[in-house]
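Below you'll find the structure, written out as structure tokens, and then a few comments.
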Amino acid sequence: MAYPFSNSRDAHVDLSSQDAFSEGAPFVTFERMRREAPLEWCPQSDGGRGFWSITRHADIMALNRDTELLSSARGIRMEDQSPEEYEARKTFQETDPPQHRYFRMLVNKAFSKATISAYAPQIQAMVRDITAPAFERGEFDAVEAIARQLPMRMLAQILGVSAEDAAWLVTKGDSLISNADPDYTDHVIDKVDTEKYRLLPFRSPAALDLFDYANALLKRMDAGETIGVLSVVRQETNDGRRMSDDEFRNFFCLLVAAGNDTTRYALAAALHSLANEPALLPQLQAGGEDLYDSASDELIRWASPTSHFRRTATRDFELHGKTVRAGDKVVLWFLSGNRDAEAFVDPQRIDLTRKPNRYVAFGQGGPHVCLGMWLARLEVNLVLQELARRLKGIEQTAPHSYLRSNFIHGIKRLPVRVHRK
Ligand code: HEM
């Protein structure tokens, strides 16, 4: 590896600990697990009941597909949830087929490759708007100036809200999804008693503000207004169900948090890579359109912004000589699968031409494969194009810092200097 994307050399870190990820992901531990213990029981230091870790690419692909064996309908986070908590916080992400399929069919079209491709000119204009003043300044925090801005503007577009509202929503979304990082919330999940908020998404009081905002949107839609994709999700599914108000509020939080921060951290990792591997930018500049596609995929593989999702075993089963019991939590480490040498030639190297690239950062292979996958890819692609068009070089000027989170793998500060053409 040409430069560090993690500082930890410990092969036995506690994966339930948020601190284990605060200086980058514990790749050395994942490497050991893939080699020696591809199904490993992990006790939880936060008082949870423990979980099984799946770290090999092939196992992640097979198990993510097998929803009869591993269910999403009993929680998708590492934390233990009571049936009451789980029910209160549920979205369609916490359902299994066939129920999941009906709802997913409603929203698929709004996020399909064809629909999203039509946004390209608008996204391109946003990218120019965002990057031009930063490039003019020359030195800036690339996360704040670029990576945070683009997904936020796209969110405004998708939700049909003002830029000001989007900025407010994203700050609230940060408190939700970054609930373990004191830079983003006063209610740090493993340090403060959040019992009072256990029925809210991410056990975060910020969800109450997002609920208020969602309630106002519900009112407007009930009065007959159409609000982009949000009106689509309120339609009746093929099995005759309609999303309840509770589910809508949770879905809104999901869209604001998961649809935003993940793309930010994909962009941050891409910028970090370009700033630290000087050969990448000229390589992009010399390539054609195809190269931007493969480069976006490769940089999202490298970034792996959501490190894991959890499932629950529906029955006892054997794997790699061990027995998983019905009801056990099973965590699929997408982050580890994306560094698996059995699936990727030289996985520690960024190869912008990598093809095929069977990365799993979006939960590919399973029914819950990321809804925003085409959008995130396009945003990364268009940022890369703009960097290649405008810059002679980009370099990191001071150490970067990572989000404190074992769920979201992300660089939160990245000081850079750019040299314009
Ligand atoms: C690089 C950026 C992104 C990454 C790495 C990412 C990652 C993921 C992953 C791994 C899943 C599967 C979850 C599971 O298996 O339970 C997922 C699902 C989902 N993502 Fe993304 N995501 C990204 C961007 C987005 C965007 C831009 C949006 C929306 C605008 C979005 C909305 C969703 C939704 C709604 C689901 C649930 C889908 C379902 O359950 O059927 N994501 N995402």
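How things are named: the first chain in the structure tokens is A, the next is B, and so on; residues count from 1 in each chain; ligands count from 1 in the order shown.
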Using only C-alpha atoms, what does the table of segment 355-386 of chain A residues within 8 Å of segment 284-304 of chain A look like, with each row giving the shortest atom pair and its distance in Å to one decimal, sorted by chain and ascending number, as JSON lines?
{"residue": "A:Lys355", "atom": "CA", "partner": "A:Ser294", "partner_atom": "CA", "distance": 6.9}
{"residue": "A:Asn357", "atom": "CA", "partner": "A:Glu298", "partner_atom": "CA", "distance": 7.2}
{"residue": "A:Tyr359", "atom": "CA", "partner": "A:Arg301", "partner_atom": "CA", "distance": 5.6}
{"residue": "A:Val360", "atom": "CA", "partner": "A:Arg301", "partner_atom": "CA", "distance": 7.2}
{"residue": "A:Ala361", "atom": "CA", "partner": "A:Ser304", "partner_atom": "CA", "distance": 5.0}
{"residue": "A:Arg377", "atom": "CA", "partner": "A:Ser296", "partner_atom": "CA", "distance": 6.2}
{"residue": "A:Val380", "atom": "CA", "partner": "A:Ser296", "partner_atom": "CA", "distance": 5.8}
{"residue": "A:Asn381", "atom": "CA", "partner": "A:Ser296", "partner_atom": "CA", "distance": 5.4}
{"residue": "A:Leu384", "atom": "CA", "partner": "A:Tyr292", "partner_atom": "CA", "distance": 7.2}
{"residue": "A:Gln385", "atom": "CA", "partner": "A:Tyr292", "partner_atom": "CA", "distance": 7.2}
Any idea what's packed within 10 Å of His187 of chain A, counting only C-alpha atoms, ignoring anything in its chain fewer than 3 positions away? Could you give it as a ChimeraX atom specification? /A:175-176,179-182,184,190-194,197,203-206
Those residues with C-alpha atoms, as a PDB file, in the first residue's frame please?
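This is the output file result-v1.pdb:
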ATOM      1  CA  SER A 175     -25.970  13.726  14.486  1.00  0.00           C
ATOM      2  CA  LEU A 176     -27.910  10.564  13.665  1.00  0.00           C
ATOM      3  CA  ASN A 179     -23.919   9.116  16.841  1.00  0.00           C
ATOM      4  CA  ALA A 180     -20.583   7.856  18.213  1.00  0.00           C
ATOM      5  CA  ASP A 181     -18.528  10.926  17.354  1.00  0.00           C
ATOM      6  CA  PRO A 182     -18.497  13.883  19.783  1.00  0.00           C
ATOM      7  CA  TYR A 184     -21.348  15.608  15.616  1.00  0.00           C
ATOM      8  CA  ASP A 190     -21.523   4.675  24.082  1.00  0.00           C
ATOM      9  CA  LYS A 191     -20.765   7.516  26.494  1.00  0.00           C
ATOM     10  CA  VAL A 192     -24.104   9.119  27.372  1.00  0.00           C
ATOM     11  CA  ASP A 193     -27.291   7.481  28.590  1.00  0.00           C
ATOM     12  CA  THR A 194     -29.539   7.455  25.503  1.00  0.00           C
ATOM     13  CA  TYR A 197     -34.252   8.089  22.951  1.00  0.00           C
ATOM     14  CA  ARG A 203     -31.168   6.569  19.514  1.00  0.00           C
ATOM     15  CA  SER A 204     -30.654  10.228  18.632  1.00  0.00           C
ATOM     16  CA  PRO A 205     -32.715  13.198  19.861  1.00  0.00           C
ATOM     17  CA  ALA A 206     -31.909  14.907  16.525  1.00  0.00           C
TER      18      ALA A 206
END
Using only C-alpha atoms and all ligand atoms, find the one residue out of A:Leu281, A:Val416, A:Val170, A:Leu371 that sits nearest to ligand 1. A:Leu371
Please tabulate, as JSON lines, the residues of segment 50-159 of chain A that come within 7 Å of segment 222-234 of chain A, each with its closest pair of atoms and the distance in Å to one decimal, counting only C-alpha atoms and ordering rows by chain, then residue number upward.
{"residue": "A:Leu106", "atom": "CA", "partner": "A:Val233", "partner_atom": "CA", "distance": 6.5}
{"residue": "A:Val107", "atom": "CA", "partner": "A:Val233", "partner_atom": "CA", "distance": 6.3}
{"residue": "A:Ala110", "atom": "CA", "partner": "A:Val229", "partner_atom": "CA", "distance": 6.6}
{"residue": "A:Ile158", "atom": "CA", "partner": "A:Gly228", "partner_atom": "CA", "distance": 6.6}
{"residue": "A:Leu159", "atom": "CA", "partner": "A:Gly228", "partner_atom": "CA", "distance": 6.1}
With C-alpha atoms kept, could you save the residues just selected as a PDB file, in the first residue's frame?
ATOM      1  CA  LEU A 106     -42.269   1.658  -5.687  1.00  0.00           C
ATOM      2  CA  VAL A 107     -39.019   3.550  -5.241  1.00  0.00           C
ATOM      3  CA  ALA A 110     -36.910   7.118  -9.036  1.00  0.00           C
ATOM      4  CA  ILE A 158     -34.247  15.006  -4.511  1.00  0.00           C
ATOM      5  CA  LEU A 159     -36.399  16.189  -1.633  1.00  0.00           C
TER       6      LEU A 159
END
Identify, on the basis of only C-alpha atoms, every residue whose closest approach to segment 21-36 of chain A does not exceed 6 Å; exclude the query and any residue fewer than 6 positions from it along the same chain; express the result as a PyMOL selection string. chain A and resi 6-9+11-12+55-56+336+402-406
Export of the given selection (N, CA and C atoms) as a PDB file, in the first residue's frame:
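As a result, result.pdb now contains:
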ATOM      1  N   SER A   6      -5.137   3.514   7.432  1.00  0.00           N
ATOM      2  CA  SER A   6      -5.460   3.032   8.762  1.00  0.00           C
ATOM      3  C   SER A   6      -4.174   3.022   9.565  1.00  0.00           C
ATOM      4  N   ASN A   7      -4.265   3.281  10.861  1.00  0.00           N
ATOM      5  CA  ASN A   7      -3.053   3.291  11.673  1.00  0.00           C
ATOM      6  C   ASN A   7      -2.899   2.047  12.536  1.00  0.00           C
ATOM      7  N   SER A   8      -3.979   1.270  12.662  1.00  0.00           N
ATOM      8  CA  SER A   8      -3.945   0.163  13.601  1.00  0.00           C
ATOM      9  C   SER A   8      -3.168  -1.036  13.056  1.00  0.00           C
ATOM     10  N   ARG A   9      -2.225  -1.570  13.860  1.00  0.00           N
ATOM     11  CA  ARG A   9      -1.491  -2.785  13.470  1.00  0.00           C
ATOM     12  C   ARG A   9      -1.989  -3.975  14.285  1.00  0.00           C
ATOM     13  N   ALA A  11      -4.008  -7.070  15.429  1.00  0.00           N
ATOM     14  CA  ALA A  11      -4.765  -8.092  14.687  1.00  0.00           C
ATOM     15  C   ALA A  11      -5.966  -8.612  15.473  1.00  0.00           C
ATOM     16  N   HIS A  12      -6.165  -8.090  16.686  1.00  0.00           N
ATOM     17  CA  HIS A  12      -7.256  -8.611  17.530  1.00  0.00           C
ATOM     18  C   HIS A  12      -8.084  -7.478  18.127  1.00  0.00           C
ATOM     19  N   THR A  55     -16.301 -12.136   7.245  1.00  0.00           N
ATOM     20  CA  THR A  55     -15.309 -11.200   6.700  1.00  0.00           C
ATOM     21  C   THR A  55     -14.841 -11.519   5.285  1.00  0.00           C
ATOM     22  N   ARG A  56     -15.145 -12.747   4.789  1.00  0.00           N
ATOM     23  CA  ARG A  56     -14.696 -13.074   3.427  1.00  0.00           C
ATOM     24  C   ARG A  56     -15.719 -12.624   2.389  1.00  0.00           C
ATOM     25  N   SER A 336     -14.425  -5.400   4.938  1.00  0.00           N
ATOM     26  CA  SER A 336     -13.441  -6.478   4.857  1.00  0.00           C
ATOM     27  C   SER A 336     -13.537  -7.203   3.512  1.00  0.00           C
ATOM     28  N   TYR A 402     -10.368  10.708  11.205  1.00  0.00           N
ATOM     29  CA  TYR A 402     -11.448   9.773  10.898  1.00  0.00           C
ATOM     30  C   TYR A 402     -12.639   9.971  11.822  1.00  0.00           C
ATOM     31  N   LEU A 403     -13.773   9.609  11.289  1.00  0.00           N
ATOM     32  CA  LEU A 403     -14.990   9.575  12.085  1.00  0.00           C
ATOM     33  C   LEU A 403     -14.836   8.494  13.151  1.00  0.00           C
ATOM     34  N   ARG A 404     -15.325   8.773  14.348  1.00  0.00           N
ATOM     35  CA  ARG A 404     -15.313   7.734  15.387  1.00  0.00           C
ATOM     36  C   ARG A 404     -16.566   6.887  15.207  1.00  0.00           C
ATOM     37  N   SER A 405     -16.434   5.793  14.505  1.00  0.00           N
ATOM     38  CA  SER A 405     -17.613   4.978  14.205  1.00  0.00           C
ATOM     39  C   SER A 405     -17.215   3.610  13.672  1.00  0.00           C
ATOM     40  N   ASN A 406     -17.816   2.569  14.232  1.00  0.00           N
ATOM     41  CA  ASN A 406     -17.566   1.245  13.645  1.00  0.00           C
ATOM     42  C   ASN A 406     -18.607   0.912  12.576  1.00  0.00           C
TER      43      ASN A 406
END
Protein and nucleic residues near ligand 1, 7 Å, only C-alpha atoms and all ligand atoms, as a PyMOL selection string: chain A and resi 72+76+92-94+100+104+254-255+258-260+262-263+266+300+304-306+309+361-363+366-373+375-377
Just-selected residues, N, CA and C atoms written as a short mmCIF file (atom, residue, chain, number, x, y, z; two decimals), in the first residue's frame:
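Dumped everything to selection_17.cif:
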data_model
loop_
_atom_site.label_atom_id
_atom_site.label_comp_id
_atom_site.auth_asym_id
_atom_site.auth_seq_id
_atom_site.Cartn_x
_atom_site.Cartn_y
_atom_site.Cartn_z
N SER A 72 -33.25 -9.47 7.70
CA SER A 72 -33.05 -8.06 8.06
C SER A 72 -34.18 -7.59 8.97
N ILE A 76 -30.85 -4.24 11.80
CA ILE A 76 -29.72 -4.24 10.86
C ILE A 76 -28.49 -3.56 11.45
N PHE A 92 -38.34 0.15 5.51
CA PHE A 92 -38.38 -1.01 4.62
C PHE A 92 -37.03 -1.72 4.55
N GLN A 93 -35.99 -1.03 5.04
CA GLN A 93 -34.68 -1.69 5.09
C GLN A 93 -34.67 -2.83 6.11
N GLU A 94 -35.59 -2.74 7.06
CA GLU A 94 -35.70 -3.80 8.07
C GLU A 94 -36.87 -4.72 7.77
N HIS A 100 -40.48 -6.73 1.44
CA HIS A 100 -39.52 -5.72 1.03
C HIS A 100 -39.65 -5.39 -0.46
N ARG A 104 -39.88 -1.78 -2.38
CA ARG A 104 -38.70 -1.42 -3.17
C ARG A 104 -39.10 -1.10 -4.62
N LEU A 254 -33.80 8.01 7.19
CA LEU A 254 -32.87 7.13 6.46
C LEU A 254 -32.31 7.85 5.23
N LEU A 255 -33.20 8.52 4.51
CA LEU A 255 -32.79 9.20 3.28
C LEU A 255 -31.85 10.37 3.60
N ALA A 258 -28.49 8.30 5.59
CA ALA A 258 -27.76 7.31 4.80
C ALA A 258 -27.54 7.77 3.37
N GLY A 259 -28.45 8.60 2.86
CA GLY A 259 -28.33 9.03 1.48
C GLY A 259 -27.34 10.17 1.31
N ASN A 260 -26.76 10.62 2.40
CA ASN A 260 -25.95 11.81 2.32
C ASN A 260 -24.51 11.57 2.79
N THR A 262 -22.84 8.88 3.44
CA THR A 262 -22.09 7.80 2.77
C THR A 262 -21.39 8.33 1.52
N THR A 263 -22.12 9.13 0.74
CA THR A 263 -21.51 9.67 -0.49
C THR A 263 -20.40 10.65 -0.11
N ALA A 266 -17.40 8.66 0.59
CA ALA A 266 -16.83 8.09 -0.65
C ALA A 266 -16.00 9.16 -1.35
N ILE A 300 -14.80 3.72 -4.67
CA ILE A 300 -15.87 3.39 -3.71
C ILE A 300 -15.54 2.06 -3.02
N SER A 304 -15.38 2.15 0.94
CA SER A 304 -16.31 1.31 1.72
C SER A 304 -16.97 2.09 2.86
N PRO A 305 -17.76 3.10 2.54
CA PRO A 305 -18.25 3.98 3.61
C PRO A 305 -19.14 3.32 4.67
N THR A 306 -19.94 2.32 4.30
CA THR A 306 -20.67 1.62 5.37
C THR A 306 -19.91 0.33 5.64
N PHE A 309 -23.36 -4.24 7.76
CA PHE A 309 -24.77 -4.28 8.17
C PHE A 309 -24.98 -5.61 8.87
N ALA A 361 -19.45 -2.66 -1.58
CA ALA A 361 -19.71 -1.46 -0.75
C ALA A 361 -21.18 -1.08 -0.70
N PHE A 362 -21.94 -1.43 -1.73
CA PHE A 362 -23.36 -1.09 -1.77
C PHE A 362 -24.25 -2.27 -1.36
N GLY A 363 -23.65 -3.31 -0.81
CA GLY A 363 -24.44 -4.49 -0.45
C GLY A 363 -24.91 -5.24 -1.69
N GLY A 366 -27.51 -8.67 -2.68
CA GLY A 366 -28.68 -8.88 -1.82
C GLY A 366 -29.85 -8.01 -2.26
N PRO A 367 -31.05 -8.29 -1.77
CA PRO A 367 -32.22 -7.52 -2.16
C PRO A 367 -32.18 -6.07 -1.68
N HIS A 368 -31.37 -5.82 -0.64
CA HIS A 368 -31.31 -4.46 -0.09
C HIS A 368 -30.21 -3.63 -0.74
N VAL A 369 -29.66 -4.13 -1.86
CA VAL A 369 -28.59 -3.39 -2.54
C VAL A 369 -28.96 -1.90 -2.59
N CYS A 370 -27.98 -1.07 -2.30
CA CYS A 370 -28.23 0.36 -2.08
C CYS A 370 -29.13 1.00 -3.14
N LEU A 371 -30.14 1.68 -2.66
CA LEU A 371 -31.07 2.38 -3.54
C LEU A 371 -30.37 3.54 -4.25
N GLY A 372 -29.43 4.17 -3.56
CA GLY A 372 -28.77 5.36 -4.10
C GLY A 372 -27.47 5.06 -4.83
N MET A 373 -27.28 3.79 -5.19
CA MET A 373 -26.01 3.38 -5.79
C MET A 373 -25.65 4.16 -7.06
N LEU A 375 -26.73 7.04 -8.02
CA LEU A 375 -26.52 8.45 -7.71
C LEU A 375 -25.12 8.66 -7.12
N ALA A 376 -24.77 7.84 -6.16
CA ALA A 376 -23.46 7.98 -5.52
C ALA A 376 -22.34 7.80 -6.54
N ARG A 377 -22.48 6.79 -7.40
CA ARG A 377 -21.46 6.56 -8.42
C ARG A 377 -21.31 7.76 -9.35
#
Residue with smallest distance to Arg198 of chain A - pool A:Gln124, A:Thr131, A:Asn250, A:Gln81, counting only C-alpha atoms: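 Ranked by minimum distance to Arg198 of chain A, first place goes to A:Gln81.
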Which neighbours of Ile130 of chain A fall inside 12 Å, counting only C-alpha atoms, when residues of the same chain fewer than 4 positions from it are skipped, and could you give them as a ChimeraX atom specification? /A:123-126,134-137,142-153,383,386-387
Between atom CA of Lys329 of chain A and atom CA of Phe51 of chain A, what is the distance in Å, rounded to a tenth? 4.8 Å
Can you pull out the residues contacting Pro278 of chain A? Cut-off 10 Å, using only C-alpha atoms, and skip same-chain residues under 6 positions away; I want them as a list in words.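 Residues meeting the cut-off are Gly393, Ile394 and Glu395 of chain A.
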With distances taken over only C-alpha atoms, which of A:Leu15, A:Leu280, A:Cys253, A:Leu332 is nearest to Arg65 of chain A?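 Residue with the minimum atom-to-atom distance to Arg65 of chain A: A:Leu332.
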Within 9 Å of segment 84-88 of chain A, counting only C-alpha atoms, which residues qualify if same-chain residues fewer than 4 places away don't, as a list in words?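 Surrounding residues, per the criterion: Ala73, Arg74, Gly75, Glu94, Arg198, Leu199, Leu200, Pro201, Asp246, Glu247 and Asn250 of chain A.
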If you keep C-alpha atoms, can you produce a file of those selected residues as a PDB file, in the first residue's frame?
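Written file, selection12.pdb:
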ATOM      1  CA  ALA A  73     -36.413  -8.004   9.799  1.00  0.00           C
ATOM      2  CA  ARG A  74     -34.973  -8.200  13.314  1.00  0.00           C
ATOM      3  CA  GLY A  75     -32.576  -5.269  13.138  1.00  0.00           C
ATOM      4  CA  GLU A  94     -35.699  -3.799   8.069  1.00  0.00           C
ATOM      5  CA  ARG A 198     -34.269   4.328  22.395  1.00  0.00           C
ATOM      6  CA  LEU A 199     -37.369   4.451  20.201  1.00  0.00           C
ATOM      7  CA  LEU A 200     -35.792   6.973  17.823  1.00  0.00           C
ATOM      8  CA  PRO A 201     -33.600   6.233  14.793  1.00  0.00           C
ATOM      9  CA  ASP A 246     -44.339   6.329  11.435  1.00  0.00           C
ATOM     10  CA  GLU A 247     -42.612   4.426   8.650  1.00  0.00           C
ATOM     11  CA  ASN A 250     -38.192   6.784   9.696  1.00  0.00           C
TER      12      ASN A 250
END
Using the chain letters and numbers from this document, which residues of segment 126-354 of chain A does DSSP assign to helix (DSSP H, G or I), as a VMD selection string? chain A and resid 126 to 137 142 to 147 149 to 159 163 to 177 195 to 197 201 to 203 206 to 222 228 to 233 245 to 258 261 to 276 280 to 286 289 to 303 334 to 337
I'd like the interatomic distance between atom CA of Ala166 of chain A and atom CA of Met105 of chain A, to a tenth of an Å.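 Taking atom CA of Ala166 of chain A and atom CA of Met105 of chain A, their separation equals 26.4 Å.
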To one decimal place, how far is atom CA of Ile411 of chain A from atom CA of Pro399 of chain A in Å?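 Those two atoms sit 10.6 Å apart.
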May I ask which of the residues A:Asn238, A:Thr323, A:Ser307, A:Ser273 is the closest one to His409 of chain A, counting only C-alpha atoms? A:Ser307
With only C-alpha atoms as the atoms that count, which of A:Leu217, A:Gln235, A:Ile177, A:Pro133 lies nearest to Phe103 of chain A?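 The answer is A:Gln235, which sits nearest to Phe103 of chain A.
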Could you tell me which of A:Ala37, A:Glu164, A:Gln364, A:Lys322 comes closest to Asn338 of chain A if we count only C-alpha atoms?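 Among the listed residues, the smallest separation from Asn338 of chain A belongs to A:Gln364.
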